[in-house]
2 protein chains.
Amino acid sequence: LIAAARPGGTRRVDTIAKLEATHADVWVATASGAGAAHLIPLSYAWDGERVVLALPADSPTIRNLRSSAQVRLGFGPTRDVVMVDGSVEQILEVGSAAAADIAERYACQADWDPRESAGAYLYVLVRPQRIQAWRESNELAGRLLMRDGEWVV
Amino acid sequence: LIAAARPGGTRRVDTIAKLEATHADVWVATASGAGAAHLIPLSYAWDGERVVLALPADSPTIRNLRSSAQVRLGFGPTRDVVMVDGSVEQILEVGSAAAADIAERYACQADWDPRESAGAYLYVLVRPQRIQAWRESNELAGRLLMRDGEWVV
């Protein structure tokens with residue numbers, strides 16, 4: 001027995017709630033210039049328009065994002081998915097003055113603060129271009145919520 | 001408060017249990033020849049040596065796997081991760097005689113049977129080359145369980 005399919009408006013509300021969730025993680029998929037897929041779960045924050053990630057400056061994900069500027073984010077669990085195709089809008093050094101507001105928001109929403117970590121970290125600001133949301137197979141129809149950066153529900 | 005880091009042997013046992021879990025999903029990351037990352041949650045089975053996926057023949061993941069034959073599989077949840085880098089060993093048509101044993105196993109472990117679906121589906125057999133497993137940050141050390149297809153714990 002599965003629940004009735006949610007209408008688009010409900011899915012949009014549920015999607016925002018997931019983006020605003022505290023102490024949660026997202027599966028981050030990127031590709032290298034050579035066409036190798038990378039995947040890693042990461043903490044995240046949401047600044048109202050962009051997903052904020054924090055990564056070691058020398059990580060494979062940063063290398064991939066500098067090469068392609070495209071990322072696919074899978075918010076789970078797998079039976080309550082929000083899938084975001086996004087573009088990298090900005091990369092900021094953790095500890096820089098330009099990142100001060102982002103750093104506060106990230107520290108509040110995520111469950112750690114990269115400003116307290118050893119080593120060089122970067123914030124990556126990802127702007128959603130396409131968002132899909134579904135729970136079970138009865139929600140595959142109507143799963144497109146945003147296209148070309150604009151909500152369609 | 002987080003649990004003590006598991007030793008390698010325990011992580012290996014827990015990893016096998018996750019691969020054998022029924023009605024579970026895995027995050028499947030692939031890359032296109034043009035370097036675009038794709039990510040999708042899928043049901044799976046484990047035949048003792050290979051992860052079995054089932055996909056529509058015309059899906060982006062199949063296109064990517066035919067192009068690169070490499071895949072990264074993230075078994076969750078995000079605080080109990082098994083990460084598998086694997087190579088595509090075989091692709092079999094659902095409904096073919098060659099896939100009969102795989103089909104039975106898949107139907108038992110996954111929560112659906114692609115033989116009952118409309119449309120052309122394929123089984124993809126992924127052989128793990130590299131496996132990492134960790135729960136919290138205290139398990140990042142010692143997370144490598146398999147390298148070049150061989151268990152190292």
# chains A, B, ... in the order shown; residues from 1 in each chain; ligands from 1
>>> calpha_fit_and_write(fixed="chain B", moving="chain A", output="short mmCIF file (atom, residue, chain, number, x, y, z; two decimals) with C-alpha atoms, in the first residue's frame")
data_model
loop_
_atom_site.label_atom_id
_atom_site.label_comp_id
_atom_site.auth_asym_id
_atom_site.auth_seq_id
_atom_site.Cartn_x
_atom_site.Cartn_y
_atom_site.Cartn_z
CA LEU A 1 28.23 10.77 21.01
CA ILE A 2 29.17 8.41 18.20
CA ALA A 3 29.98 4.73 18.29
CA ALA A 4 33.55 3.46 18.31
CA ALA A 5 35.07 2.89 14.87
CA ARG A 6 34.45 -0.64 13.60
CA PRO A 7 37.44 -2.79 12.73
CA GLY A 8 37.87 -3.80 9.09
CA GLY A 9 36.50 -7.31 9.53
CA THR A 10 33.28 -5.96 10.99
CA ARG A 11 32.93 -3.45 8.20
CA ARG A 12 33.35 -6.25 5.64
CA VAL A 13 30.60 -8.31 7.30
CA ASP A 14 28.32 -5.26 7.51
CA THR A 15 29.05 -4.48 3.84
CA ILE A 16 28.03 -7.97 2.70
CA ALA A 17 24.85 -7.67 4.76
CA LYS A 18 24.01 -4.42 3.02
CA LEU A 19 24.65 -5.93 -0.41
CA GLU A 20 22.33 -8.81 0.51
CA ALA A 21 19.59 -6.60 1.98
CA THR A 22 16.14 -7.10 0.52
CA HIS A 23 13.95 -4.33 -0.89
CA ALA A 24 16.72 -1.74 -0.61
CA ASP A 25 17.96 0.91 -3.02
CA VAL A 26 21.34 2.19 -4.13
CA TRP A 27 22.37 5.59 -5.49
CA VAL A 28 23.87 4.97 -8.95
CA ALA A 29 26.26 7.60 -10.34
CA THR A 30 27.47 7.49 -13.93
CA ALA A 31 29.04 9.98 -16.33
CA SER A 32 28.29 10.73 -19.96
CA GLY A 33 31.02 10.85 -22.57
CA ALA A 34 30.58 14.64 -22.51
CA GLY A 35 31.36 14.69 -18.75
CA ALA A 36 27.86 15.19 -17.31
CA ALA A 37 27.12 13.41 -14.04
CA HIS A 38 23.95 11.35 -13.74
CA LEU A 39 22.50 9.99 -10.49
CA ILE A 40 19.47 7.83 -9.80
CA PRO A 41 18.28 5.59 -6.95
CA LEU A 42 17.62 2.00 -8.02
CA SER A 43 16.65 -1.35 -6.56
CA TYR A 44 19.44 -3.92 -6.59
CA ALA A 45 20.40 -7.52 -5.94
CA TRP A 46 23.71 -9.22 -5.09
CA ASP A 47 24.68 -12.54 -6.67
CA GLY A 48 27.60 -13.15 -4.31
CA GLU A 49 30.11 -11.41 -6.58
CA ARG A 50 28.27 -8.73 -8.49
CA VAL A 51 25.68 -6.04 -7.90
CA VAL A 52 22.71 -6.54 -10.22
CA LEU A 53 20.78 -3.50 -11.45
CA ALA A 54 17.76 -3.42 -13.77
CA LEU A 55 17.24 -0.45 -16.07
CA PRO A 56 15.20 0.63 -19.07
CA ALA A 57 17.23 -0.02 -22.21
CA ASP A 58 16.84 3.61 -23.27
CA SER A 59 17.80 5.21 -19.91
CA PRO A 60 20.61 7.76 -19.46
CA THR A 61 22.37 5.36 -17.06
CA ILE A 62 22.51 2.61 -19.71
CA ARG A 63 23.83 5.08 -22.28
CA ASN A 64 26.54 6.16 -19.84
CA LEU A 65 27.48 2.60 -18.89
CA ARG A 66 27.80 1.59 -22.53
CA SER A 67 30.10 4.56 -23.03
CA SER A 68 32.34 4.16 -19.96
CA ALA A 69 31.55 0.80 -18.26
CA GLN A 70 32.34 2.46 -14.91
CA VAL A 71 29.89 3.19 -12.12
CA ARG A 72 29.98 4.44 -8.54
CA LEU A 73 27.37 3.01 -6.19
CA GLY A 74 26.45 4.68 -2.91
CA PHE A 75 24.63 2.44 -0.42
CA GLY A 76 23.12 4.46 2.41
CA PRO A 77 21.94 5.92 4.61
CA THR A 78 24.47 8.75 4.54
CA ARG A 79 25.72 7.96 8.05
CA ASP A 80 26.27 4.30 7.21
CA VAL A 81 27.81 4.39 3.76
CA VAL A 82 29.14 1.64 1.54
CA MET A 83 30.74 3.16 -1.56
CA VAL A 84 31.50 0.84 -4.46
CA ASP A 85 33.48 1.71 -7.57
CA GLY A 86 32.63 -0.98 -10.05
CA SER A 87 33.01 -2.06 -13.64
CA VAL A 88 30.22 -3.31 -15.85
CA GLU A 89 30.92 -6.99 -16.42
CA GLN A 90 27.84 -7.96 -18.36
CA ILE A 91 24.57 -6.54 -19.68
CA LEU A 92 21.73 -9.03 -20.19
CA GLU A 93 18.29 -8.60 -21.69
CA VAL A 94 15.48 -9.09 -19.22
CA GLY A 95 13.51 -12.09 -20.45
CA SER A 96 16.47 -13.72 -22.19
CA ALA A 97 17.41 -17.33 -21.36
CA ALA A 98 20.91 -16.19 -20.36
CA ALA A 99 19.40 -13.97 -17.67
CA ALA A 100 17.11 -16.59 -16.12
CA ASP A 101 19.12 -17.18 -12.91
CA ILE A 102 19.84 -13.48 -12.44
CA ALA A 103 16.16 -12.71 -12.98
CA GLU A 104 15.09 -15.10 -10.20
CA ARG A 105 17.63 -13.68 -7.78
CA TYR A 106 16.70 -10.10 -8.64
CA ALA A 107 12.98 -10.77 -8.21
CA CYS A 108 13.62 -12.29 -4.76
CA GLN A 109 15.88 -9.55 -3.41
CA ALA A 110 14.56 -6.39 -5.06
CA ASP A 111 11.03 -5.22 -4.54
CA TRP A 112 9.90 -5.55 -8.13
CA ASP A 113 10.38 -7.83 -11.14
CA PRO A 114 11.31 -6.17 -14.43
CA ARG A 115 10.05 -9.25 -16.30
CA GLU A 116 6.56 -8.00 -15.47
CA SER A 117 7.20 -4.49 -16.76
CA ALA A 118 6.23 -3.14 -20.12
CA GLY A 119 9.13 -1.94 -22.23
CA ALA A 120 12.65 -3.24 -22.76
CA TYR A 121 14.73 -3.66 -19.59
CA LEU A 122 18.32 -4.73 -19.10
CA TYR A 123 20.15 -6.30 -16.18
CA VAL A 124 23.55 -4.74 -15.52
CA LEU A 125 26.08 -6.82 -13.60
CA VAL A 126 28.60 -4.64 -11.78
CA ARG A 127 31.78 -6.14 -10.34
CA PRO A 128 33.17 -4.15 -7.37
CA GLN A 129 36.75 -3.01 -7.86
CA ARG A 130 37.01 -0.73 -4.85
CA ILE A 131 34.84 -0.71 -1.73
CA GLN A 132 34.87 1.82 1.09
CA ALA A 133 32.64 1.75 4.18
CA TRP A 134 32.19 4.33 6.92
CA ARG A 135 29.58 5.63 9.32
CA GLU A 136 30.80 8.81 11.03
CA SER A 137 33.99 10.83 10.63
CA ASN A 138 35.83 8.62 13.10
CA GLU A 139 35.57 5.82 10.51
CA LEU A 140 37.15 7.70 7.61
CA ALA A 141 40.46 6.10 8.56
CA GLY A 142 40.32 2.44 7.63
CA ARG A 143 37.43 2.86 5.20
CA LEU A 144 39.13 1.03 2.31
CA LEU A 145 37.90 -2.59 2.28
CA MET A 146 38.58 -3.69 -1.31
CA ARG A 147 41.19 -2.55 -3.82
CA ASP A 148 41.55 -3.77 -7.42
CA GLY A 149 38.77 -6.28 -6.82
CA GLU A 150 40.42 -7.90 -3.78
CA TRP A 151 39.34 -7.56 -0.17
CA VAL A 152 42.10 -5.97 1.92
CA VAL A 153 40.45 -6.70 5.28
#
>>> select_by_dssp(residues="chain B", states="alpha helix (DSSP H)", output="NGL selection string")
:B and (8-19 or 60-68 or 100-109)
>>> select_by_dssp(residues="chain B", states="strand (DSSP E or B)", output="VMD selection string")
chain B and resid 25 to 31 37 to 43 45 to 46 51 to 56 70 to 75 81 to 93 121 to 134 144 to 147 150 to 151
